[in-house]
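> Take a look at the following structure, please.
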Amino acid sequence: MEEERPDPNLPAKNLDLDADLQKKHQAMLDRLSNRHHARLDNSLARRSDSTNSSEATSSFLSRFSESKQSIDSQLADSRLIAQSDPSRLKTHFANISSSISDLEKLVAENSYFLPSYEVRTSLKTISDLKQNLEILNSELIPKRKFSFKNKATTKKELPKEPEPVKSDAVSVTNFKIPNSPGFRNKTNVTLIQKFKGTEVGEFTLSDLDSCEVRLIGCCNAVFMNRLKDCKVYLGPVIGSILIEEVERCVFVLASHQIRIHLAKGSDFYLRVRSRPIIEDSNVVRFAPYCLDYEGIEMDLEKAGLSEETGNWGNVDDFKWLRAVQSPNWCVLPVNERVGKVRVGDLESGNEVCNINSRNLELAIKGR
Amino acid sequence: MGLLSIIRKIKRKEKEMRILMVGLDNSGKTTIVMKINGEDTSVISPTLGFNIKTISYQKYTLNIWDVGGQRTIRSYWRNYFEQTDGLVWVVDSSDLRRLDDCKMELDNLLKEERLSGASLLILANKQDIKGALTPAEIAKVLNLEAMDKTRHWKIVGCSAYTGEGLLEGFDWLVQDVASRIYMLD
């Protein structure tokens, strides 16, 4: 900072200016170093002397491997505990699980200075640990066997309740949301929409009961909400499909992404470029896409869906983040599948053939 | 350690920004990050957990945390709040039905003290889809004008599918974060 020192030969006015400048400069430096220290304090609360980031990394790594070893040995103890005192197993596993989440937190806290390779490997290690815990958990603690229950049918009216409150929340913002194209509030009808030759954005199906829906051609996005006892046949969707609150339905869908929320007792025949996901759903079954109509190959091509990816069976259940198969979904057995579904774009309800309705009924009764 | 080397080190670190991407599921967060990074966006599965991407943007290094938006994992968002310089809230402008969900989750997020200093970029995504609301309409629905006056925010319409609007949004975010905390540059 020698160059900043005021030159004694300069006139007094300049000297003032320089002193001013120097003050500003000093303030900036102070601010910078304060910030630097604050960062260090935050991330390395346990280390008082470290200013070197590679030291910080190695200190993190040693802490990480220490915790990992202790978790490993705890995991190894599980079998002994299972033999000597099975009642302690649950708390033992809970302890391990909390140590793992502590470790995860440690990684998250330190991730801002860690090289991305270290972050990746640490995260991998953590997920391995979790998986080991899962495996032990399912091995050592006998799980209740999953079975379908006969639910009382009186529950049907319940899900309608919270809706009116929601629409109030929107009106607060004093903005009227326009209605998008779609089929809404229909019972017991066949609904057909042809997309050929028109530019279609999103399409909505909501509040349908015992309907059959056929959307022929490509569109960009489809939203489905509150469907009961419906059959839904969709041509390829270029973007994504979002499904919420459906019961006892059959869906034949092709899309880039498919998200299924709050579905019960429904079958999904899918072709999808990425992994379909379910959340808060149960008794849902999956099979490959089986729709046919005139010109479907071209539409599939257009949506990038001409090839079977096999993803229809790679379902992620967000309510079942474990290594073992989720009890909420399964693959639809081949002999219960509907076969090729051929739909025409004519208004006749007889166009859908080949549906083995007996099997469908059986499948639904089984729930 | 000399003063100069400390300053150098601070400066190197200061070039980093931590960006947190959140929003409802199906809004296109991962697609946006992949598109900005020039990666293939044709096969993206819904995010189970989170992704971290480090991207060089202008003279800064962005650490982008892209966190899954499914309802089940939204409660984990708060694990990522610490040290966030820039917050990106992604909206599916074509999902009219869930706009109230979207507003509620955003309101909750902005109450969070650990995010109070972060610049907020709202991306009104999926503008390529016919029938999508415009950014101005989204701003109305989300009632953005009523936001805390101290918050730096901007809403930008974009399409992760075509890439339109993404750079405009991130340019603003990076400039805003930089002008707030890296004045010396």
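Here, A, B, ... name the chains of the structure tokens in the order displayed, residue numbers run from 1 inside each chain, and ligands are numbered from 1 in the same displayed order.
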Quick one: residues within 8 Å of segment 285-292 of chain A, only C-alpha atoms counted, chain neighbours fewer than 6 positions away excluded, as a list in words?

Tyr233, Leu234, Gly235, Val252, Leu253, Ala254, Gly265, Ser266, Asp267, Phe268, Tyr269, Leu270, Arg271, Gly310, Trp312, Gly313, Trp329, Cys330, Val331, Leu332, Arg337, Gly339, Lys340, Val341, Arg342 and Val343 of chain A

> Would you mind listing, as an mmCIF file with C-alpha atoms, in the first residue's frame, all residues of chain B that have at least one atom within 7 Å of chain A, where only C-alpha atoms are what counts?


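Below is the file selection21.cif, written as the result:
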```
data_model
loop_
_atom_site.group_PDB
_atom_site.id
_atom_site.type_symbol
_atom_site.label_atom_id
_atom_site.label_comp_id
_atom_site.auth_asym_id
_atom_site.auth_seq_id
_atom_site.Cartn_x
_atom_site.Cartn_y
_atom_site.Cartn_z
ATOM 1 C CA ILE B 10 -10.893 -13.569 -1.492
ATOM 2 C CA VAL B 43 -34.511 -37.260 -21.766
ATOM 3 C CA ILE B 44 -34.959 -35.762 -18.319
ATOM 4 C CA SER B 45 -36.668 -37.680 -15.540
ATOM 5 C CA THR B 72 -43.037 -35.141 -0.926
ATOM 6 C CA SER B 94 -49.322 -23.374 -18.730
ATOM 7 C CA LEU B 96 -53.232 -22.757 -14.662
ATOM 8 C CA ASP B 100 -52.443 -21.047 -6.297
ATOM 9 C CA ILE B 129 -46.917 -23.587 -25.184
ATOM 10 C CA LYS B 130 -50.036 -22.042 -26.633
ATOM 11 C CA GLY B 131 -52.341 -20.852 -23.886
ATOM 12 C CA LYS B 140 -50.353 -10.576 -11.150
ATOM 13 C CA VAL B 141 -51.346 -14.056 -10.018
ATOM 14 C CA ASN B 143 -48.967 -10.794 -6.527
#
```

> Extract, using only C-alpha atoms, all DNA, RNA and protein residues at most 12 Å from Val177 of chain B, discarding same-chain residues fewer than 5 positions from it, and format them as a VMD selection string.

chain B and resid 14 to 19 60 62 84 to 87 117 to 121 151 to 153 170 to 172 182 to 183

> For the residues in that selection, give me N, CA, C and O atoms as a CSV table (one decimal), in the first residue's frame.


```csv
chain,number,residue,atom,x,y,z
B,14,GLU,N,-14.8,-14.9,-4.4
B,14,GLU,CA,-15.9,-14.0,-4.6
B,14,GLU,C,-16.5,-14.2,-6.0
B,14,GLU,O,-17.6,-13.8,-6.2
B,15,LYS,N,-15.8,-14.8,-6.9
B,15,LYS,CA,-16.3,-14.9,-8.2
B,15,LYS,C,-17.3,-16.1,-8.2
B,15,LYS,O,-17.9,-16.3,-9.3
B,16,GLU,N,-17.5,-16.8,-7.1
B,16,GLU,CA,-18.5,-17.8,-7.1
B,16,GLU,C,-19.8,-17.3,-6.6
B,16,GLU,O,-19.9,-16.5,-5.8
B,17,MET,N,-20.8,-17.9,-7.2
B,17,MET,CA,-22.2,-17.6,-6.7
B,17,MET,C,-22.9,-18.9,-6.5
B,17,MET,O,-22.8,-19.8,-7.3
B,18,ARG,N,-23.7,-18.9,-5.5
B,18,ARG,CA,-24.6,-20.0,-5.3
B,18,ARG,C,-26.0,-19.7,-5.7
B,18,ARG,O,-26.6,-18.8,-5.1
B,19,ILE,N,-26.5,-20.5,-6.6
B,19,ILE,CA,-27.9,-20.2,-7.1
B,19,ILE,C,-28.8,-21.4,-6.8
B,19,ILE,O,-28.4,-22.6,-7.0
B,60,TYR,N,-18.0,-15.3,-13.9
B,60,TYR,CA,-18.3,-15.9,-12.6
B,60,TYR,C,-18.5,-17.4,-12.7
B,60,TYR,O,-18.8,-17.9,-13.8
B,62,LEU,N,-20.9,-20.2,-11.4
B,62,LEU,CA,-22.2,-20.4,-10.8
B,62,LEU,C,-22.3,-21.9,-10.3
B,62,LEU,O,-22.1,-22.8,-11.0
B,84,THR,N,-27.2,-19.0,0.0
B,84,THR,CA,-27.7,-18.8,-1.3
B,84,THR,C,-27.6,-17.3,-1.7
B,84,THR,O,-28.1,-16.4,-1.0
B,85,ASP,N,-27.0,-17.1,-2.9
B,85,ASP,CA,-26.8,-15.7,-3.4
B,85,ASP,C,-28.0,-15.3,-4.3
B,85,ASP,O,-28.5,-14.2,-4.3
B,86,GLY,N,-28.4,-16.3,-5.1
B,86,GLY,CA,-29.5,-16.0,-6.0
B,86,GLY,C,-30.5,-17.1,-6.0
B,86,GLY,O,-30.2,-18.3,-5.9
B,87,LEU,N,-31.8,-16.7,-6.0
B,87,LEU,CA,-32.9,-17.7,-5.9
B,87,LEU,C,-33.6,-17.6,-7.3
B,87,LEU,O,-34.0,-16.6,-7.7
B,117,GLY,N,-31.6,-12.2,1.9
B,117,GLY,CA,-30.7,-11.4,1.1
B,117,GLY,C,-30.6,-11.8,-0.4
B,117,GLY,O,-29.9,-11.1,-1.1
B,118,ALA,N,-31.2,-12.9,-0.7
B,118,ALA,CA,-31.0,-13.5,-2.1
B,118,ALA,C,-31.8,-12.7,-3.1
B,118,ALA,O,-32.9,-12.3,-2.9
B,119,SER,N,-31.2,-12.4,-4.3
B,119,SER,CA,-31.9,-11.9,-5.4
B,119,SER,C,-32.8,-12.9,-5.9
B,119,SER,O,-32.5,-14.1,-6.0
B,120,LEU,N,-34.0,-12.5,-6.4
B,120,LEU,CA,-35.0,-13.4,-6.8
B,120,LEU,C,-35.4,-13.3,-8.3
B,120,LEU,O,-35.8,-12.2,-8.7
B,121,LEU,N,-35.1,-14.3,-9.0
B,121,LEU,CA,-35.5,-14.4,-10.4
B,121,LEU,C,-36.7,-15.3,-10.6
B,121,LEU,O,-36.6,-16.5,-10.2
B,151,ARG,N,-36.4,-6.5,-1.4
B,151,ARG,CA,-36.1,-7.7,-2.2
B,151,ARG,C,-35.7,-7.2,-3.6
B,151,ARG,O,-36.5,-6.5,-4.2
B,152,HIS,N,-34.6,-7.7,-4.2
B,152,HIS,CA,-34.3,-7.5,-5.6
B,152,HIS,C,-35.0,-8.6,-6.4
B,152,HIS,O,-34.7,-9.8,-6.1
B,153,TRP,N,-35.9,-8.3,-7.3
B,153,TRP,CA,-36.6,-9.3,-8.0
B,153,TRP,C,-36.9,-8.9,-9.4
B,153,TRP,O,-36.9,-7.7,-9.8
B,170,PHE,N,-30.8,-15.0,-16.5
B,170,PHE,CA,-29.6,-15.3,-15.8
B,170,PHE,C,-28.7,-14.1,-15.8
B,170,PHE,O,-27.9,-13.8,-14.9
B,171,ASP,N,-28.7,-13.4,-17.0
B,171,ASP,CA,-27.8,-12.1,-17.0
B,171,ASP,C,-28.2,-11.2,-15.9
B,171,ASP,O,-27.4,-10.7,-15.2
B,172,TRP,N,-29.6,-11.0,-15.8
B,172,TRP,CA,-30.0,-10.1,-14.7
B,172,TRP,C,-29.6,-10.6,-13.3
B,172,TRP,O,-29.1,-9.8,-12.5
B,182,TYR,N,-20.0,-7.9,-5.0
B,182,TYR,CA,-18.7,-7.8,-5.5
B,182,TYR,C,-18.4,-6.5,-6.0
B,182,TYR,O,-18.0,-6.3,-7.2
B,183,MET,N,-18.5,-5.5,-5.2
B,183,MET,CA,-18.4,-4.1,-5.7
B,183,MET,C,-17.0,-3.7,-6.3
B,183,MET,O,-16.9,-2.9,-7.1
```

> Work out how far apart atom CA of Phe183 of chain A and atom CA of Ala263 of chain A are and give it in Å to one decimal.

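Distance between the two atoms: 19.2 Å.
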
> Please compute the atom CA of Leu115 of chain B-atom CA of Leu99 of chain B distance, one decimal, in Å.

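Here the two named atoms are 22.0 Å from each other.
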
> Please return, as a PyMOL selection string, all residues of segment 1-183 of chain B that DSSP assigns to helix (DSSP H, G or I) on the basis of the backbone.

chain B and resi 3-14+29-36+71-74+77-80+99-110+113-115+135-141+144-146+166-181

> Can you write just those residues out, C-alpha atoms, as a compact mmCIF listing (two decimals), in the first residue's frame?


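Final output, saved to result19.txt:
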```txt
# COMPACT_ATOMS: atom_id res chain seq x y z
CA LEU B 3 -2.15 -9.04 2.59
CA LEU B 4 -2.00 -9.30 -1.17
CA SER B 5 -2.37 -13.07 -1.20
CA ILE B 6 -5.37 -12.81 1.11
CA ILE B 7 -6.99 -10.33 -1.21
CA ARG B 8 -6.27 -12.52 -4.22
CA LYS B 9 -7.80 -15.50 -2.51
CA ILE B 10 -10.89 -13.57 -1.49
CA LYS B 11 -11.33 -12.35 -5.02
CA ARG B 12 -11.09 -15.83 -6.41
CA LYS B 13 -13.74 -17.02 -4.05
CA GLU B 14 -15.90 -14.00 -4.60
CA LYS B 29 -36.11 -26.61 -13.44
CA THR B 30 -33.78 -29.39 -14.55
CA THR B 31 -34.52 -28.71 -18.21
CA ILE B 32 -33.57 -25.05 -17.73
CA VAL B 33 -30.25 -25.94 -16.11
CA MET B 34 -29.44 -28.49 -18.80
CA LYS B 35 -30.39 -26.07 -21.56
CA ILE B 36 -28.16 -23.31 -20.16
CA ARG B 71 -44.69 -32.40 -2.97
CA THR B 72 -43.04 -35.14 -0.93
CA ILE B 73 -39.58 -33.59 -1.20
CA ARG B 74 -40.50 -29.90 -0.96
CA TRP B 77 -35.84 -27.43 0.22
CA ARG B 78 -34.82 -25.68 3.42
CA ASN B 79 -31.72 -27.86 3.65
CA TYR B 80 -30.37 -25.91 0.68
CA LEU B 99 -51.03 -21.43 -9.79
CA ASP B 100 -52.44 -21.05 -6.30
CA ASP B 101 -50.20 -23.88 -5.09
CA CYS B 102 -47.36 -22.10 -6.79
CA LYS B 103 -48.16 -18.81 -5.08
CA MET B 104 -48.45 -20.45 -1.69
CA GLU B 105 -45.11 -22.24 -1.96
CA LEU B 106 -43.37 -19.06 -3.15
CA ASP B 107 -44.86 -17.03 -0.31
CA ASN B 108 -43.62 -19.60 2.19
CA LEU B 109 -40.18 -19.54 0.63
CA LEU B 110 -39.89 -15.77 0.80
CA GLU B 113 -34.91 -15.60 6.81
CA ARG B 114 -31.93 -17.41 5.35
CA LEU B 115 -33.07 -16.37 1.87
CA PRO B 135 -45.03 -13.03 -17.47
CA ALA B 136 -47.20 -9.99 -16.65
CA GLU B 137 -50.16 -12.24 -15.91
CA ILE B 138 -48.02 -14.56 -13.80
CA ALA B 139 -46.75 -11.53 -11.87
CA LYS B 140 -50.35 -10.58 -11.15
CA VAL B 141 -51.35 -14.06 -10.02
CA LEU B 144 -45.32 -9.90 -6.93
CA GLU B 145 -45.90 -6.16 -6.55
CA ALA B 146 -46.79 -6.78 -2.94
CA LEU B 166 -33.04 -17.98 -20.25
CA LEU B 167 -29.98 -15.84 -20.85
CA GLU B 168 -31.88 -12.64 -20.22
CA GLY B 169 -33.00 -13.99 -16.86
CA PHE B 170 -29.61 -15.28 -15.77
CA ASP B 171 -27.85 -12.13 -17.01
CA TRP B 172 -30.00 -10.08 -14.71
CA LEU B 173 -29.55 -12.45 -11.78
CA VAL B 174 -25.78 -12.61 -12.08
CA GLN B 175 -25.45 -8.84 -12.52
CA ASP B 176 -27.70 -8.19 -9.58
CA VAL B 177 -25.86 -10.56 -7.26
CA ALA B 178 -22.52 -9.21 -8.46
CA SER B 179 -23.46 -5.59 -7.91
CA ARG B 180 -24.69 -6.39 -4.42
CA ILE B 181 -21.66 -8.23 -3.17
```

> Looking at B:Asp66, B:Glu39, B:Ser75, B:Gly49, which one is nearest to Val88 of chain B, with distances taken over only C-alpha atoms?

B:Asp66

> Which residues, written as JSON, numbers by chain, have at least one atom at most 8 Å from Lys126 of chain B, with only C-alpha atoms counted and residues fewer than 2 positions away on the same chain left out?

{"B": [92, 93, 94, 124, 128, 129, 132, 158, 159, 160, 161]}

> Using only C-alpha atoms, which residue out of A:Ala82, A:Val338, A:Ile296, A:Leu208 lies closest to Val250 of chain A?

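Looking only at the distances to Val250 of chain A, the closest residue turns out to be A:Val338.
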
> Give me the residues near Ser127 of chain A as number ranges by chain, where near means some atom within 12 Å (using only C-alpha atoms) and where sequence neighbours in that chain fewer than 6 positions away do not count.

A: 68, 97, 100-101, 103-104, 120-121, 133-134, 321-323; B: 49

> Restrict the selected residues to N, CA and C atoms and save them as a PDB file, in the first residue's frame.


```pdb
ATOM      1  N   LYS A  68     -18.124 -42.059   8.763  1.00  0.00           N
ATOM      2  CA  LYS A  68     -18.514 -43.185   7.929  1.00  0.00           C
ATOM      3  C   LYS A  68     -18.136 -44.495   8.603  1.00  0.00           C
ATOM      4  N   SER A  97     -29.695 -44.123  11.256  1.00  0.00           N
ATOM      5  CA  SER A  97     -30.294 -43.250  10.259  1.00  0.00           C
ATOM      6  C   SER A  97     -30.050 -41.781  10.599  1.00  0.00           C
ATOM      7  N   ILE A 100     -26.522 -40.941   9.728  1.00  0.00           N
ATOM      8  CA  ILE A 100     -26.363 -40.756   8.277  1.00  0.00           C
ATOM      9  C   ILE A 100     -26.871 -39.383   7.869  1.00  0.00           C
ATOM     10  N   SER A 101     -27.998 -38.970   8.452  1.00  0.00           N
ATOM     11  CA  SER A 101     -28.495 -37.656   8.020  1.00  0.00           C
ATOM     12  C   SER A 101     -27.595 -36.537   8.549  1.00  0.00           C
ATOM     13  N   LEU A 103     -24.403 -36.809   8.699  1.00  0.00           N
ATOM     14  CA  LEU A 103     -23.311 -36.847   7.733  1.00  0.00           C
ATOM     15  C   LEU A 103     -23.724 -36.113   6.449  1.00  0.00           C
ATOM     16  N   GLU A 104     -24.961 -36.329   6.060  1.00  0.00           N
ATOM     17  CA  GLU A 104     -25.475 -35.668   4.873  1.00  0.00           C
ATOM     18  C   GLU A 104     -25.472 -34.158   5.059  1.00  0.00           C
ATOM     19  N   ARG A 120     -19.527 -35.236  -5.012  1.00  0.00           N
ATOM     20  CA  ARG A 120     -20.149 -36.392  -5.650  1.00  0.00           C
ATOM     21  C   ARG A 120     -19.848 -37.688  -4.913  1.00  0.00           C
ATOM     22  N   THR A 121     -18.550 -37.900  -4.622  1.00  0.00           N
ATOM     23  CA  THR A 121     -18.208 -39.162  -3.965  1.00  0.00           C
ATOM     24  C   THR A 121     -18.834 -39.241  -2.581  1.00  0.00           C
ATOM     25  N   LEU A 133     -28.316 -49.674   5.059  1.00  0.00           N
ATOM     26  CA  LEU A 133     -29.241 -49.619   6.192  1.00  0.00           C
ATOM     27  C   LEU A 133     -30.603 -50.191   5.779  1.00  0.00           C
ATOM     28  N   GLU A 134     -31.040 -49.797   4.585  1.00  0.00           N
ATOM     29  CA  GLU A 134     -32.306 -50.281   4.061  1.00  0.00           C
ATOM     30  C   GLU A 134     -32.327 -51.798   3.983  1.00  0.00           C
ATOM     31  N   LEU A 321     -38.876 -44.192  -0.874  1.00  0.00           N
ATOM     32  CA  LEU A 321     -37.487 -43.942  -1.262  1.00  0.00           C
ATOM     33  C   LEU A 321     -36.593 -45.021  -0.667  1.00  0.00           C
ATOM     34  N   ARG A 322     -36.810 -46.237  -1.075  1.00  0.00           N
ATOM     35  CA  ARG A 322     -36.004 -47.330  -0.562  1.00  0.00           C
ATOM     36  C   ARG A 322     -35.548 -48.191  -1.715  1.00  0.00           C
ATOM     37  N   ALA A 323     -34.581 -49.067  -1.382  1.00  0.00           N
ATOM     38  CA  ALA A 323     -34.021 -49.893  -2.446  1.00  0.00           C
ATOM     39  C   ALA A 323     -34.972 -50.999  -2.878  1.00  0.00           C
TER      40      ALA A 323
ATOM     41  N   GLY B  49     -34.534 -35.980  -5.516  1.00  0.00           N
ATOM     42  CA  GLY B  49     -33.393 -35.450  -4.788  1.00  0.00           C
ATOM     43  C   GLY B  49     -32.958 -34.141  -5.411  1.00  0.00           C
TER      44      GLY B  49
END
```

> So how far away is atom CA of Asn282 of chain A from atom CA of Leu123 of chain A, in Å?

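Atom-to-atom, atom CA of Leu123 of chain A and atom CA of Asn282 of chain A are spaced 29.9 Å apart.
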
> From segment 3-154 of chain B, collect each residue whose DSSP state is strand (DSSP E or B) and return the set as an MDAnalysis selection string.

chainID B and resid 16:23 50:57 60:67 86:92 119:125 153:154
